[in-house]
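Raw work-v5.pdb, PDB, C-alpha atoms:
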```pdb
MODEL        1
ATOM      1  CA  MET A   1      -0.478   8.584   7.371
ATOM      2  CA  SER A   2      -2.290  10.906   9.732
ATOM      3  CA  ALA A   3      -4.359   9.548  12.571
ATOM      4  CA  LEU A   4      -7.454  11.053  10.972
ATOM      5  CA  VAL A   5      -6.931   9.321   7.643
ATOM      6  CA  GLY A   6      -6.079   6.131   9.481
ATOM      7  CA  SER A   7      -9.321   6.242  11.412
ATOM      8  CA  ILE A   8     -11.240   6.963   8.215
ATOM      9  CA  LEU A   9      -9.740   3.934   6.524
ATOM     10  CA  VAL A  10     -10.312   1.661   9.465
ATOM     11  CA  GLY A  11     -13.898   2.849   9.713
ATOM     12  CA  ALA A  12     -14.487   2.360   6.017
ATOM     13  CA  ARG A  13     -13.053  -1.118   6.018
ATOM     14  CA  THR A  14     -15.121  -2.133   8.977
ATOM     15  CA  GLU A  15     -18.169  -1.124   7.009
ATOM     16  CA  ARG A  16     -17.077  -2.724   3.779
ATOM     17  CA  CYS A  17     -15.708  -6.016   5.066
ATOM     18  CA  PRO A  18     -17.685  -7.107   8.090
ATOM     19  CA  ASP A  19     -16.638 -10.697   7.423
ATOM     20  CA  LEU A  20     -13.111  -9.845   8.478
ATOM     21  CA  ASP A  21     -14.156  -9.107  12.026
ATOM     22  CA  SER A  22     -17.276 -11.160  12.334
ATOM     23  CA  ASP A  23     -15.510 -14.235  13.629
ATOM     24  CA  GLY A  24     -14.648 -12.429  16.804
ATOM     25  CA  TYR A  25     -10.907 -12.347  16.303
ATOM     26  CA  SER A  26      -9.002  -9.316  17.399
ATOM     27  CA  GLN A  27      -6.769  -7.573  14.877
ATOM     28  CA  ASN A  28      -3.622  -9.573  15.428
ATOM     29  CA  HIS A  29      -5.233 -12.781  16.471
ATOM     30  CA  GLY A  30      -4.423 -14.508  13.232
ATOM     31  CA  ARG A  31      -0.725 -14.014  13.697
ATOM     32  CA  THR A  32      -0.213 -15.883  16.932
ATOM     33  CA  PRO A  33      -3.566 -17.252  17.991
ATOM     34  CA  HIS A  34      -2.227 -19.438  20.754
ATOM     35  CA  GLY A  35       0.912 -17.534  21.584
ATOM     36  CA  ARG A  36       3.013 -20.513  20.474
ATOM     37  CA  THR A  37       6.573 -20.291  19.389
ATOM     38  CA  PRO A  38       7.500 -22.152  16.208
ATOM     39  CA  HIS A  39       8.439 -25.767  16.662
ATOM     40  CA  PRO A  40      12.233 -26.034  16.805
ATOM     41  CA  SER A  41      12.249 -28.761  14.172
ATOM     42  CA  ARG A  42      10.471 -26.546  11.628
ATOM     43  CA  ARG A  43      12.546 -25.840   8.630
ATOM     44  CA  VAL A  44      13.611 -22.228   8.263
ATOM     45  CA  GLN A  45      12.454 -20.924   4.939
ATOM     46  CA  HIS A  46      14.082 -18.023   3.196
ATOM     47  CA  LEU A  47      11.508 -16.029   1.334
ATOM     48  CA  GLY A  48      12.435 -12.653  -0.029
ATOM     49  CA  GLY A  49      15.586 -12.735   2.041
ATOM     50  CA  HIS A  50      13.755 -12.924   5.371
ATOM     51  CA  PRO A  51      13.918 -16.148   7.330
ATOM     52  CA  VAL A  52      10.571 -17.342   8.567
ATOM     53  CA  THR A  53      11.039 -18.082  12.223
ATOM     54  CA  SER A  54       8.217 -16.231  13.978
ATOM     55  CA  GLN A  55       5.241 -17.958  12.375
ATOM     56  CA  SER A  56       4.604 -21.667  12.452
ATOM     57  CA  ASP A  57       3.208 -23.435   9.409
ATOM     58  CA  GLN A  58      -0.095 -23.877  11.158
ATOM     59  CA  GLU A  59      -0.268 -20.194  12.028
ATOM     60  CA  ARG A  60       0.558 -19.313   8.484
ATOM     61  CA  SER A  61      -2.215 -21.559   7.176
ATOM     62  CA  GLU A  62      -4.670 -20.051   9.644
ATOM     63  CA  ALA A  63      -3.709 -16.518   8.680
ATOM     64  CA  PHE A  64      -4.002 -17.444   5.017
ATOM     65  CA  ASP A  65      -7.502 -18.851   5.544
ATOM     66  CA  ARG A  66      -8.543 -15.825   7.546
ATOM     67  CA  TYR A  67      -7.090 -13.010   5.458
ATOM     68  CA  VAL A  68      -6.620 -14.263   1.919
ATOM     69  CA  VAL A  69      -9.315 -16.819   1.154
ATOM     70  CA  PRO A  70     -12.266 -14.477   1.962
ATOM     71  CA  GLU A  71     -10.822 -11.954  -0.516
ATOM     72  CA  LEU A  72     -10.639 -14.289  -3.524
ATOM     73  CA  GLY A  73     -13.862 -12.940  -5.029
ATOM     74  CA  VAL A  74     -12.742  -9.328  -4.791
ATOM     75  CA  LEU A  75      -9.282 -10.230  -6.062
ATOM     76  CA  TYR A  76     -10.790 -11.869  -9.125
ATOM     77  CA  ARG A  77     -13.092  -8.927  -9.789
ATOM     78  CA  VAL A  78     -10.216  -6.491  -9.623
ATOM     79  CA  ALA A  79      -8.065  -8.788 -11.765
ATOM     80  CA  LEU A  80     -10.849  -8.775 -14.355
ATOM     81  CA  THR A  81     -11.006  -4.998 -14.233
ATOM     82  CA  LEU A  82      -7.246  -4.856 -14.794
ATOM     83  CA  THR A  83      -6.913  -7.543 -17.458
ATOM     84  CA  ARG A  84     -10.363  -7.703 -19.087
ATOM     85  CA  GLU A  85      -9.687 -11.336 -19.882
ATOM     86  CA  PRO A  86     -11.143 -14.109 -17.666
ATOM     87  CA  HIS A  87      -8.314 -16.641 -18.079
ATOM     88  CA  GLU A  88      -5.680 -13.981 -17.643
ATOM     89  CA  ALA A  89      -7.498 -12.709 -14.547
ATOM     90  CA  GLU A  90      -7.675 -16.204 -13.049
ATOM     91  CA  ASP A  91      -3.964 -16.766 -13.659
ATOM     92  CA  LEU A  92      -3.206 -13.401 -12.119
ATOM     93  CA  VAL A  93      -5.165 -14.265  -8.964
ATOM     94  CA  GLN A  94      -3.453 -17.656  -8.724
ATOM     95  CA  ASP A  95      -0.039 -15.986  -8.857
ATOM     96  CA  THR A  96      -1.217 -13.470  -6.277
ATOM     97  CA  VAL A  97      -2.435 -16.251  -3.964
ATOM     98  CA  ILE A  98       0.926 -18.024  -4.125
ATOM     99  CA  LYS A  99       2.823 -14.811  -3.398
ATOM    100  CA  ALA A 100       0.481 -13.909  -0.558
ATOM    101  CA  PHE A 101       0.978 -17.339   1.020
ATOM    102  CA  ARG A 102       4.739 -17.026   0.802
ATOM    103  CA  ALA A 103       4.631 -13.489   2.226
ATOM    104  CA  MET A 104       2.147 -14.310   4.987
ATOM    105  CA  HIS A 105       4.828 -13.902   7.635
ATOM    106  CA  GLN A 106       5.389 -10.303   6.540
ATOM    107  CA  PHE A 107       1.746  -9.315   6.914
ATOM    108  CA  ASP A 108       0.985  -7.452  10.140
ATOM    109  CA  GLY A 109      -2.713  -8.345  10.310
ATOM    110  CA  ALA A 110      -3.992  -4.866   9.414
ATOM    111  CA  HIS A 111      -5.861  -4.073   6.180
ATOM    112  CA  PRO A 112      -5.564  -7.436   4.416
ATOM    113  CA  ARG A 113      -7.368  -6.251   1.322
ATOM    114  CA  ALA A 114      -5.006  -3.323   0.809
ATOM    115  CA  TRP A 115      -2.051  -5.668   1.284
ATOM    116  CA  LEU A 116      -3.466  -8.117  -1.253
ATOM    117  CA  MET A 117      -4.199  -5.339  -3.749
ATOM    118  CA  THR A 118      -0.571  -4.267  -3.630
ATOM    119  CA  ILE A 119       0.547  -7.844  -4.309
ATOM    120  CA  LEU A 120      -1.997  -8.122  -7.127
ATOM    121  CA  ARG A 121      -0.825  -4.884  -8.731
ATOM    122  CA  ASN A 122       2.849  -5.815  -8.566
ATOM    123  CA  THR A 123       2.129  -9.269  -9.917
ATOM    124  CA  HIS A 124       0.113  -7.760 -12.768
ATOM    125  CA  ILE A 125       2.917  -5.358 -13.645
ATOM    126  CA  ASN A 126       5.538  -8.125 -13.522
ATOM    127  CA  ARG A 127       3.461 -10.432 -15.706
ATOM    128  CA  ASN A 128       3.045  -7.687 -18.295
ATOM    129  CA  ARG A 129       6.700  -6.823 -18.159
ATOM    130  CA  ARG A 130       7.639 -10.435 -18.825
ATOM    131  CA  ARG A 131       5.335 -10.673 -21.804
ATOM    132  CA  ARG A 132       5.803  -7.183 -23.177
ATOM    133  CA  PRO A 133       9.111  -5.722 -22.036
ATOM    134  CA  GLY A 134       8.921  -1.970 -21.669
ATOM    135  CA  LEU A 135       5.244  -1.878 -20.867
ATOM    136  CA  LEU A 136       4.411  -1.197 -17.270
ATOM    137  CA  ARG A 137       0.696  -1.008 -17.763
ATOM    138  CA  ASP A 138      -1.635  -2.784 -20.092
ATOM    139  CA  PRO A 139      -3.269  -0.098 -22.198
ATOM    140  CA  GLU A 140      -4.329  -2.654 -24.782
ATOM    141  CA  ALA A 141      -6.598  -4.351 -22.294
ATOM    142  CA  LEU A 142      -8.285  -1.111 -21.483
ATOM    143  CA  ASP A 143      -8.605  -0.199 -25.153
ATOM    144  CA  ALA A 144     -10.332  -3.525 -25.646
ATOM    145  CA  LEU A 145     -12.695  -2.629 -22.868
ATOM    146  CA  VAL A 146     -13.432   0.746 -24.428
ATOM    147  CA  ASP A 147     -14.159  -0.950 -27.750
ATOM    148  CA  GLN A 148     -16.269  -3.567 -26.066
ATOM    149  CA  ARG A 149     -18.369  -0.957 -24.332
ATOM    150  CA  SER A 150     -19.957   0.217 -27.541
ATOM    151  CA  THR A 151     -21.189  -3.294 -28.288
ATOM    152  CA  GLN A 152     -22.541  -3.965 -24.821
ATOM    153  CA  GLY A 153     -25.340  -1.444 -24.716
ATOM    154  CA  VAL A 154     -28.494  -2.485 -22.953
ATOM    155  CA  SER A 155     -31.317  -3.793 -25.085
ATOM    156  CA  ALA A 156     -34.447  -1.746 -25.621
ATOM    157  CA  GLU A 157     -36.377  -4.124 -23.424
ATOM    158  CA  GLU A 158     -33.873  -3.791 -20.593
ATOM    159  CA  THR A 159     -34.065  -0.033 -20.868
ATOM    160  CA  VAL A 160     -37.802  -0.102 -20.392
ATOM    161  CA  LEU A 161     -37.561  -2.524 -17.494
ATOM    162  CA  GLU A 162     -34.767  -0.809 -15.650
ATOM    163  CA  GLY A 163     -35.676   2.745 -16.421
ATOM    164  CA  ARG A 164     -34.233   5.598 -18.306
ATOM    165  CA  PHE A 165     -32.108   6.676 -15.373
ATOM    166  CA  GLU A 166     -29.940   3.595 -15.573
ATOM    167  CA  ALA A 167     -29.728   3.822 -19.349
ATOM    168  CA  VAL A 168     -28.426   7.380 -19.163
ATOM    169  CA  VAL A 169     -25.934   6.380 -16.475
ATOM    170  CA  GLU A 170     -24.715   3.516 -18.644
ATOM    171  CA  ALA A 171     -24.355   5.760 -21.675
ATOM    172  CA  ALA A 172     -22.409   8.252 -19.572
ATOM    173  CA  LEU A 173     -20.212   5.452 -18.257
ATOM    174  CA  GLN A 174     -19.293   4.512 -21.797
ATOM    175  CA  ARG A 175     -18.140   8.037 -22.493
ATOM    176  CA  LEU A 176     -15.749   8.236 -19.547
ATOM    177  CA  SER A 177     -12.016   8.285 -20.085
ATOM    178  CA  SER A 178     -10.100   5.093 -19.302
ATOM    179  CA  ASP A 179      -8.748   6.510 -16.034
ATOM    180  CA  HIS A 180     -12.163   7.586 -14.845
ATOM    181  CA  LEU A 181     -13.800   4.342 -15.909
ATOM    182  CA  ARG A 182     -11.233   2.220 -14.118
ATOM    183  CA  VAL A 183     -11.714   4.056 -10.821
ATOM    184  CA  ILE A 184     -15.492   3.755 -11.112
ATOM    185  CA  LEU A 185     -15.188   0.011 -11.728
ATOM    186  CA  LEU A 186     -12.803  -0.505  -8.812
ATOM    187  CA  VAL A 187     -14.875   1.471  -6.292
ATOM    188  CA  ASP A 188     -18.496   1.196  -7.412
ATOM    189  CA  VAL A 189     -18.406  -2.300  -8.919
ATOM    190  CA  ASP A 190     -15.540  -4.117  -7.205
ATOM    191  CA  GLY A 191     -16.274  -2.431  -3.883
ATOM    192  CA  LEU A 192     -12.761  -1.252  -3.046
ATOM    193  CA  THR A 193     -12.057   1.579  -0.645
ATOM    194  CA  TYR A 194     -10.261   4.666  -1.970
ATOM    195  CA  GLN A 195      -6.989   3.464  -0.470
ATOM    196  CA  GLU A 196      -7.357  -0.027  -1.914
ATOM    197  CA  ALA A 197      -8.086   1.408  -5.364
ATOM    198  CA  ALA A 198      -5.048   3.665  -4.956
ATOM    199  CA  ASP A 199      -2.946   0.604  -4.085
ATOM    200  CA  VAL A 200      -4.132  -1.202  -7.209
ATOM    201  CA  LEU A 201      -3.518   1.755  -9.506
ATOM    202  CA  ALA A 202      -0.304   2.901  -7.811
ATOM    203  CA  VAL A 203      -1.602   6.450  -7.522
ATOM    204  CA  PRO A 204      -2.216   8.613  -4.423
ATOM    205  CA  ARG A 205      -5.548   8.260  -2.617
ATOM    206  CA  GLY A 206      -6.318  11.869  -3.528
ATOM    207  CA  THR A 207      -6.033  11.002  -7.206
ATOM    208  CA  VAL A 208      -8.575   8.228  -6.795
ATOM    209  CA  MET A 209     -10.912  10.668  -5.063
ATOM    210  CA  SER A 210     -10.597  13.378  -7.684
ATOM    211  CA  ARG A 211     -11.039  10.954 -10.601
ATOM    212  CA  LEU A 212     -14.012   9.334  -8.943
ATOM    213  CA  HIS A 213     -15.691  12.617  -8.085
ATOM    214  CA  ARG A 214     -15.074  14.036 -11.542
ATOM    215  CA  ALA A 215     -16.446  10.902 -13.196
ATOM    216  CA  ARG A 216     -19.615  10.962 -11.125
ATOM    217  CA  ALA A 217     -20.048  14.695 -11.671
ATOM    218  CA  ARG A 218     -19.834  14.045 -15.394
ATOM    219  CA  ILE A 219     -22.508  11.391 -15.143
ATOM    220  CA  ARG A 220     -24.590  13.761 -13.028
ATOM    221  CA  ALA A 221     -24.226  16.439 -15.706
ATOM    222  CA  ASP A 222     -25.337  13.976 -18.400
ATOM    223  CA  LEU A 223     -28.415  13.152 -16.355
ATOM    224  CA  LYS A 224     -29.213  16.837 -16.037
ATOM    225  CA  THR A 225     -28.787  17.370 -19.770
ATOM    226  CA  SER A 226     -31.063  14.426 -20.453
ATOM    227  CA  GLY A 227     -33.664  15.786 -18.096
ATOM    228  CA  VAL A 228     -33.644  12.531 -16.128
ATOM    229  CA  THR A 229     -33.977  12.513 -12.368
ATOM    230  CA  ALA A 230     -33.499   9.699  -9.927
ATOM    231  CA  ASN A 231     -36.559   8.306  -8.233
ATOM    232  CA  VAL A 232     -35.756  10.087  -5.010
ATOM    233  CA  ARG A 233     -37.640  11.946  -2.328
ATOM    234  CA  GLY A 234     -39.312  15.092  -3.557
ATOM    235  CA  ALA A 235     -38.219  14.554  -7.161
ATOM    236  CA  GLN A 236     -41.055  12.401  -8.438
TER     237      GLN A 236
ATOM    238  CA  MET B   1     -33.337  26.635   0.451
ATOM    239  CA  LYS B   2     -29.853  26.915   1.818
ATOM    240  CA  LEU B   3     -29.451  25.905   5.387
ATOM    241  CA  ARG B   4     -26.489  26.534   7.582
ATOM    242  CA  ASN B   5     -26.125  23.708  10.011
ATOM    243  CA  ARG B   6     -24.349  24.576  13.205
ATOM    244  CA  SER B   7     -21.561  22.141  12.426
ATOM    245  CA  MET B   8     -21.579  21.916   8.632
ATOM    246  CA  SER B   9     -22.508  24.197   5.752
ATOM    247  CA  CYS B  10     -23.947  23.174   2.387
ATOM    248  CA  ARG B  11     -20.600  23.940   0.806
ATOM    249  CA  LYS B  12     -18.752  21.683   3.238
ATOM    250  CA  VAL B  13     -21.337  18.948   2.712
ATOM    251  CA  ALA B  14     -20.818  19.163  -1.056
ATOM    252  CA  LYS B  15     -17.077  18.702  -0.510
ATOM    253  CA  VAL B  16     -17.386  15.549   1.552
ATOM    254  CA  LEU B  17     -20.576  14.109   0.048
ATOM    255  CA  GLN B  18     -18.880  11.549  -2.220
ATOM    256  CA  GLY B  19     -16.689  10.291   0.593
ATOM    257  CA  TYR B  20     -19.754  10.136   2.822
ATOM    258  CA  LEU B  21     -21.649   8.004   0.303
ATOM    259  CA  ASP B  22     -18.599   5.755  -0.114
ATOM    260  CA  GLY B  23     -18.197   5.246   3.632
ATOM    261  CA  GLU B  24     -14.863   7.052   3.595
ATOM    262  CA  VAL B  25     -15.442   9.745   6.230
ATOM    263  CA  ASP B  26     -14.869   9.542   9.965
ATOM    264  CA  GLY B  27     -17.737   9.106  12.404
ATOM    265  CA  LEU B  28     -18.053  12.766  13.376
ATOM    266  CA  THR B  29     -18.216  13.907   9.767
ATOM    267  CA  HIS B  30     -20.670  11.132   8.971
ATOM    268  CA  ASP B  31     -23.009  12.211  11.748
ATOM    269  CA  ALA B  32     -22.749  15.897  10.810
ATOM    270  CA  VAL B  33     -23.521  15.159   7.152
ATOM    271  CA  THR B  34     -26.407  12.870   8.068
ATOM    272  CA  ALA B  35     -27.894  15.577  10.294
ATOM    273  CA  HIS B  36     -27.485  18.165   7.545
ATOM    274  CA  LEU B  37     -29.044  15.973   4.853
ATOM    275  CA  GLU B  38     -32.107  15.429   7.010
ATOM    276  CA  MET B  39     -32.585  19.175   7.389
ATOM    277  CA  CYS B  40     -31.565  20.510   3.978
ATOM    278  CA  ARG B  41     -33.724  19.597   0.997
ATOM    279  CA  ASP B  42     -31.236  20.654  -1.683
ATOM    280  CA  CYS B  43     -28.359  18.676  -0.228
ATOM    281  CA  GLY B  44     -30.669  15.754   0.536
ATOM    282  CA  LEU B  45     -31.767  15.593  -3.089
ATOM    283  CA  GLU B  46     -28.171  15.839  -4.252
ATOM    284  CA  ALA B  47     -27.177  12.990  -1.950
ATOM    285  CA  ASP B  48     -30.085  10.832  -3.136
ATOM    286  CA  THR B  49     -29.182  11.491  -6.766
ATOM    287  CA  TYR B  50     -25.555  10.504  -6.261
ATOM    288  CA  GLN B  51     -26.624   7.444  -4.300
ATOM    289  CA  ALA B  52     -28.879   6.474  -7.225
ATOM    290  CA  ILE B  53     -25.940   7.021  -9.599
ATOM    291  CA  LYS B  54     -23.758   4.761  -7.449
ATOM    292  CA  SER B  55     -26.421   2.050  -7.456
ATOM    293  CA  ALA B  56     -26.883   2.313 -11.215
ATOM    294  CA  LEU B  57     -23.118   2.183 -11.715
ATOM    295  CA  SER B  58     -22.766  -1.009  -9.708
ATOM    296  CA  VAL B  59     -25.381  -2.634 -11.957
ATOM    297  CA  THR B  60     -24.232  -1.305 -15.326
ATOM    298  CA  GLY B  61     -20.540  -1.566 -14.443
ATOM    299  CA  GLY B  62     -21.114  -5.127 -13.242
ATOM    300  CA  ARG B  63     -22.458  -5.989 -16.673
ATOM    301  CA  MET B  64     -19.212  -4.752 -18.194
ATOM    302  CA  VAL B  65     -17.181  -7.041 -15.930
ATOM    303  CA  PRO B  66     -19.264 -10.224 -15.551
ATOM    304  CA  VAL B  67     -17.963 -12.774 -13.070
ATOM    305  CA  ASP B  68     -18.348 -16.522 -13.537
ATOM    306  CA  PRO B  69     -19.034 -17.998 -10.055
ATOM    307  CA  HIS B  70     -17.297 -21.229 -11.065
ATOM    308  CA  VAL B  71     -14.045 -19.333 -11.265
ATOM    309  CA  ILE B  72     -14.327 -18.339  -7.616
ATOM    310  CA  GLU B  73     -14.848 -21.995  -6.695
ATOM    311  CA  ARG B  74     -11.787 -22.983  -8.700
ATOM    312  CA  LEU B  75      -9.760 -20.265  -7.000
ATOM    313  CA  ARG B  76     -10.884 -21.487  -3.570
ATOM    314  CA  ALA B  77      -9.777 -24.993  -4.480
ATOM    315  CA  PHE B  78      -6.483 -23.626  -5.766
ATOM    316  CA  ALA B  79      -5.892 -21.662  -2.552
ATOM    317  CA  ALA B  80      -6.608 -24.765  -0.456
ATOM    318  CA  GLN B  81      -4.102 -26.681  -2.570
ATOM    319  CA  VAL B  82      -1.408 -24.042  -2.097
ATOM    320  CA  ARG B  83      -1.956 -24.146   1.654
ATOM    321  CA  ASP B  84      -2.100 -27.934   1.938
ATOM    322  CA  ASP B  85       0.827 -28.615  -0.389
ATOM    323  CA  ASP B  86       2.989 -26.492   1.831
ATOM    324  CA  ALA B  87       1.772 -28.298   4.956
ATOM    325  CA  ASP B  88       2.556 -31.644   3.301
ATOM    326  CA  SER B  89       6.043 -30.599   2.260
ATOM    327  CA  SER B  90       6.762 -29.324   5.772
ATOM    328  CA  ALA B  91       5.651 -32.571   7.319
ATOM    329  CA  HIS B  92       8.262 -34.588   5.430
TER     330      HIS B  92
ENDMDL
END
```

Represent the structure of the file as structure tokens.
Amino acid sequence: MSALVGSILVGARTERCPDLDSDGYSQNHGRTPHGRTPHPSRRVQHLGGHPVTSQSDQERSEAFDRYVVPELGVLYRVALTLTREPHEAEDLVQDTVIKAFRAMHQFDGAHPRAWLMTILRNTHINRNRRRRPGLLRDPEALDALVDQRSTQGVSAEETVLEGRFEAVVEAALQRLSSDHLRVILLVDVDGLTYQEAADVLAVPRGTVMSRLHRARARIRADLKTSGVTANVRGAQ
Amino acid sequence: MKLRNRSMSCRKVAKVLQGYLDGEVDGLTHDAVTAHLEMCRDCGLEADTYQAIKSALSVTGGRMVPVDPHVIERLRAFAAQVRDDDADSSAH
């Protein structure tokens, strides 16, 4: 990763997740907050083939509270976007939480959300593979979402209250392809950065950008066709 | 009216506008785009429109993926259990 992209991501995350830095901890503080070495009597656990010797249980719990717990809401949102089924999404997040706790010693303290998204994605893929061998993704879930969209239109009353602009945007959203819709949901609804969305979808960051930009341009074009303008400066 | 800012043209602004609105550009680019949008009416309108689209998407998209707040509470309790169970097992 280039230094430029790195600085972009760091900057974006600082804006998106102020809670991660608001407690005054420096980036690696959660790893060894008191500079302690693990107690010699601690059992050595073997997780993923790597013995845990550099992080005490207390440090692991502290890191877990600092990096994982604040992300539970976002994890669940993304899990819902991926699975479209509340119970399935909750199970998926639970599995992700367990794996994150076990892998806490491997986390370097940078970009916790991106790290968690990768765990979530891999867990999602593995769960699907177990249930439906041969399927790496879950196209059925997305098909269900596409079907569901047509029955979830806003009511006439809502349209009046919230304005025609939003109604046109919603109609345009329902016409997007599955790929475009998913990126919109991850970034504009779940609040992920481009890189985090890329981690979830296992595609390059550039792919997220191009899908997102194309999807919004399509919505913009629909607005133009409908003759609807946003309530913005100079456009009233 | 097309305006050529000393540091950024309308064309360049159009290229980075989405990233700008998503908070995905570096500080220098952010400042250059902000300065341009304040000076250029066409680009300013475009930025406002896309910002309005983003806002509308977060509302309408949120309706498609409703979140039950009780689930988040359950997940917090679950996470605490995972953490504390491990602490208990280590203590024995």

**Request:** Excluding Val65 in chain B and residues on its chain fewer than 4 positions from it, collect all residues at most 7 Å away from it, counting all atoms listed in the file, and give them as a PyMOL selection string.
**Result:** (chain A and resi 80-81) or (chain B and resi 61)

Preceding selection exported with C-alpha atoms as a compact mmCIF listing (two decimals), in the frame of the given file:
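Okay, this is what ended up in selection13.txt:
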```
# COMPACT_ATOMS: atom_id res chain seq x y z
CA LEU A 80 -10.85 -8.78 -14.36
CA THR A 81 -11.01 -5.00 -14.23
CA GLY B 61 -20.54 -1.57 -14.44
```

**Complete:** Correct to one decimal, the distance CA of Ser177 in chain A-CA of Glu24 in chain B is 23.9 Å

**Item:** Residue IDs satisfying the ChimeraX specification (/A :<8) & /B, as a VMD selection string
**Value:** chain B and resid 18 22 to 27 45 48 to 50 52 to 62 64 to 65 67 71 to 72 75 to 76 78 to 79 82 to 83 87 90

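Excluding Thr34 in chain B and any residue on its chain fewer than 6 positions from it, the residues at most 12 Å away by all atoms listed in the file are B:Asn5, B:Ser7, B:Met8, B:Val13, B:Val16, B:Leu17, B:Tyr20, B:Leu21, B:Val25, B:Gly27, B:Leu28, B:Cys40, B:Cys43, B:Gly44, B:Ala47, B:Asp48.
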
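Minimum atom-to-atom distances from A:Ala110, A:Gln55, A:Trp115, A:Leu92 to Arg127 in chain A were compared using all atoms listed in the file, and the lowest value belongs to A:Leu92.
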
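We find CA of Thr207 in chain A and CA of Ala100 in chain A to be spaced 26.6 Å apart.
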
**Fill in**
A straight line from CA of Arg214 in chain A to CA of His180 in chain A spans 7.8 Å

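Proximity of B:Pro66, B:Gln51, B:Glu73, B:Ser9 to Met39 in chain B, computed with all atoms listed in the file, is greatest for B:Ser9.
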
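In terms of minimum interatomic distance to Ser226 in chain A, A:Arg164 ranks closest within A:Ala197, A:Arg211, A:Arg164, A:Asn128, counting only C-alpha atoms.
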